[in-house]
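Input: a single structure, listed below in structure tokens.
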Amino acid sequence: MHAALAAAHGAAADGEVPVGAVITCEGRIVASAGNAPRGQCDPTAHAEIRAIRQAAQALGRDRLEDCDLWVTLEPCAMCAGAIAHARIARLYYGASDPKGGAVEHGPRLFSQPTCHHRPEIYGGIGEREAAGLLRDFFRDRRA
């Protein structure tokens, strides 16, 4: 989670919402990304989507069934869908997102009977730092 938090700090430095994601495979980092929708003029450039794309390229395959995703914020519906399609084995996330999350909040995508793949899910990893980073970012933007 430390690497995902570092990616989130990088996103914040670029003026993006501070969310970072890392994908590991066999214990090594194969992808790392921060949010970049504004900088890339791409609403799909969430940290998770960018990391999934990088990992698929690095590994030369679209199925990431032996990979773990570490992300600083509970994934949204778009990202949860991408996680299911990529067949990520395990999802570790930091802060919960009652407003936009889709794992333990909102649509709870992985609990839907139409979801074809459900990763193992572990929430609250590095939650204090991840939530603090988001809180500080939005506080500073309002100031």
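Every chain in the structure tokens takes a letter, A first, then B, and so on in the order presented; its residues are numbered from 1, and the ligands are numbered from 1 following the presented order.
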Using DSSP secondary structure from the backbone, list all strand (DSSP E) positions within chain A, as a short mmCIF file (atom, residue, chain, number, x, y, z; two decimals) with N, CA, C and O atoms, in the first residue's frame.
data_model
loop_
_atom_site.label_atom_id
_atom_site.label_comp_id
_atom_site.auth_asym_id
_atom_site.auth_seq_id
_atom_site.Cartn_x
_atom_site.Cartn_y
_atom_site.Cartn_z
N GLY A 20 -4.17 6.50 -5.71
CA GLY A 20 -3.08 5.75 -6.33
C GLY A 20 -3.40 4.27 -6.33
O GLY A 20 -4.12 3.78 -5.47
N ALA A 21 -2.87 3.57 -7.32
CA ALA A 21 -3.09 2.13 -7.45
C ALA A 21 -1.81 1.44 -7.89
O ALA A 21 -1.04 1.99 -8.67
N VAL A 22 -1.64 0.23 -7.39
CA VAL A 22 -0.49 -0.60 -7.73
C VAL A 22 -1.00 -2.01 -7.98
O VAL A 22 -1.88 -2.49 -7.26
N ILE A 23 -0.46 -2.66 -8.98
CA ILE A 23 -0.77 -4.07 -9.22
C ILE A 23 0.49 -4.88 -9.00
O ILE A 23 1.56 -4.53 -9.52
N THR A 24 0.35 -5.93 -8.20
CA THR A 24 1.46 -6.84 -7.95
C THR A 24 1.14 -8.20 -8.55
O THR A 24 -0.02 -8.62 -8.61
N CYS A 25 2.18 -8.87 -8.97
CA CYS A 25 2.06 -10.23 -9.51
C CYS A 25 3.25 -11.01 -8.99
O CYS A 25 4.39 -10.56 -9.16
N ARG A 28 5.80 -8.94 -6.95
CA ARG A 28 6.51 -7.78 -7.49
C ARG A 28 5.53 -6.80 -8.12
O ARG A 28 4.50 -7.20 -8.67
N ILE A 29 5.86 -5.53 -8.05
CA ILE A 29 5.01 -4.49 -8.64
C ILE A 29 5.18 -4.53 -10.15
O ILE A 29 6.30 -4.44 -10.66
N VAL A 30 4.06 -4.68 -10.87
CA VAL A 30 4.10 -4.68 -12.33
C VAL A 30 3.45 -3.43 -12.91
O VAL A 30 3.60 -3.16 -14.12
N ALA A 31 2.75 -2.66 -12.07
CA ALA A 31 2.11 -1.43 -12.54
C ALA A 31 1.86 -0.51 -11.36
O ALA A 31 1.56 -0.97 -10.26
N SER A 32 1.98 0.79 -11.62
CA SER A 32 1.72 1.81 -10.60
C SER A 32 1.18 3.05 -11.30
O SER A 32 1.74 3.47 -12.32
N ALA A 33 0.09 3.61 -10.76
CA ALA A 33 -0.50 4.78 -11.41
C ALA A 33 -1.28 5.60 -10.40
O ALA A 33 -1.79 5.08 -9.41
N GLY A 34 -1.37 6.88 -10.70
CA GLY A 34 -2.22 7.79 -9.94
C GLY A 34 -3.36 8.25 -10.83
O GLY A 34 -3.34 8.05 -12.04
N CYS A 67 -2.96 -11.68 -10.09
CA CYS A 67 -2.49 -10.36 -9.65
C CYS A 67 -3.35 -9.80 -8.53
O CYS A 67 -4.53 -10.13 -8.39
N ASP A 68 -2.74 -8.91 -7.76
CA ASP A 68 -3.42 -8.19 -6.68
C ASP A 68 -3.43 -6.71 -7.02
O ASP A 68 -2.44 -6.18 -7.53
N LEU A 69 -4.53 -6.04 -6.70
CA LEU A 69 -4.66 -4.60 -6.89
C LEU A 69 -4.70 -3.94 -5.53
O LEU A 69 -5.51 -4.31 -4.67
N TRP A 70 -3.83 -2.98 -5.34
CA TRP A 70 -3.76 -2.18 -4.12
C TRP A 70 -4.16 -0.76 -4.51
O TRP A 70 -3.51 -0.16 -5.38
N VAL A 71 -5.21 -0.22 -3.91
CA VAL A 71 -5.68 1.12 -4.27
C VAL A 71 -6.04 1.88 -3.00
O VAL A 71 -6.52 1.28 -2.03
N THR A 72 -5.80 3.17 -3.00
CA THR A 72 -5.97 3.97 -1.79
C THR A 72 -7.42 4.30 -1.46
O THR A 72 -7.72 4.68 -0.34
N LEU A 73 -8.34 4.15 -2.42
CA LEU A 73 -9.75 4.48 -2.20
C LEU A 73 -10.63 3.37 -2.75
O LEU A 73 -10.31 2.79 -3.80
N ARG A 90 -7.14 -10.44 -5.96
CA ARG A 90 -7.39 -9.82 -4.66
C ARG A 90 -7.37 -8.30 -4.79
O ARG A 90 -6.52 -7.75 -5.48
N LEU A 91 -8.31 -7.66 -4.10
CA LEU A 91 -8.41 -6.20 -4.06
C LEU A 91 -8.16 -5.75 -2.63
O LEU A 91 -8.84 -6.19 -1.71
N TYR A 92 -7.17 -4.89 -2.48
CA TYR A 92 -6.86 -4.28 -1.19
C TYR A 92 -7.10 -2.78 -1.36
O TYR A 92 -6.54 -2.18 -2.27
N TYR A 93 -7.92 -2.18 -0.50
CA TYR A 93 -8.11 -0.74 -0.63
C TYR A 93 -8.04 -0.06 0.73
O TYR A 93 -8.24 -0.68 1.77
N GLY A 94 -7.71 1.23 0.68
CA GLY A 94 -7.53 2.01 1.89
C GLY A 94 -8.82 2.57 2.43
O GLY A 94 -9.54 1.93 3.19
N ALA A 95 -9.15 3.78 2.01
CA ALA A 95 -10.32 4.49 2.52
C ALA A 95 -11.60 4.03 1.85
O ALA A 95 -11.63 3.77 0.65
N GLU A 120 -11.13 -11.50 -4.02
CA GLU A 120 -11.10 -11.43 -2.56
C GLU A 120 -10.95 -9.95 -2.23
O GLU A 120 -10.21 -9.24 -2.92
N ILE A 121 -11.63 -9.47 -1.19
CA ILE A 121 -11.63 -8.03 -0.89
C ILE A 121 -11.16 -7.79 0.53
O ILE A 121 -11.66 -8.43 1.47
N TYR A 122 -10.22 -6.85 0.67
CA TYR A 122 -9.69 -6.46 1.97
C TYR A 122 -9.68 -4.94 2.05
O TYR A 122 -8.90 -4.30 1.35
N GLY A 123 -10.55 -4.38 2.85
CA GLY A 123 -10.63 -2.92 2.98
C GLY A 123 -9.94 -2.42 4.23
O GLY A 123 -9.61 -3.19 5.14
#
Q) Interatomic distance between CA of His105 in chain A and CA of Pro75 in chain A? A)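 Going from CA of His105 in chain A over to CA of Pro75 in chain A covers 9.7 Å.
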Q: Would you list the contacts of Ala45 in chain A as a list in words, taking every protein, DNA or RNA residue within 7 Å and counting only C-alpha atoms, but skipping same-chain residues closer than 3 positions in sequence?
A: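 Counting only the stated atoms, we get Asn35, Ala36, Pro37, Asp42, Ile49 and Arg50 of chain A.
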Selected residues written out with C-alpha atoms, as a PDB file, in the first residue's frame:
ATOM      1  CA  ASN A  35      -5.440   9.446 -10.987  1.00  0.00           C
ATOM      2  CA  ALA A  36      -5.042  11.498 -14.185  1.00  0.00           C
ATOM      3  CA  PRO A  37      -8.467  12.359 -15.691  1.00  0.00           C
ATOM      4  CA  ASP A  42      -9.904  11.334 -20.066  1.00  0.00           C
ATOM      5  CA  ILE A  49      -7.892   1.688 -14.851  1.00  0.00           C
ATOM      6  CA  ARG A  50      -4.445   3.066 -15.640  1.00  0.00           C
TER       7      ARG A  50
END
Q. Running DSSP on the backbone, which parts of range 41-106 of chain A land in helix (DSSP H, G or I), as a PyMOL selection string?
A. chain A and resi 47-59+77-86
Q) Near Asp66 in chain A, counting only C-alpha atoms, which residues have an atom at most 8 Å away, once you skip same-chain residues fewer than 4 positions from it, shown as a ChimeraX atom specification? A) /A:25-26,88-89
**Q.** Glu16 in chain A surroundings by only C-alpha atoms, 12 Å radius, close-in-sequence under 3 positions cut, as an MDAnalysis selection string
**A.** chainID A and resid 7:13 19:20 33:41 43 45:47 133:134 137:138 141
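You will find CA of Gly15 in chain A at 26.6 Å from CA of Ala56 in chain A.
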Q. For the atom pair CA of Cys115 in chain A and CA of Arg128 in chain A, what is the interatomic distance in Å to one decimal place?
A.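 Between CA of Cys115 in chain A and CA of Arg128 in chain A the gap works out to 29.8 Å.
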**Q.** Shell of 7 Å around Ala102 in chain A, only C-alpha atoms, local chain residues under 3 positions omitted, as a list in words
**A.** Pro75, Cys76, Ala77, Ala80, His105, Gly106, Pro107, Arg108 and Leu109 of chain A
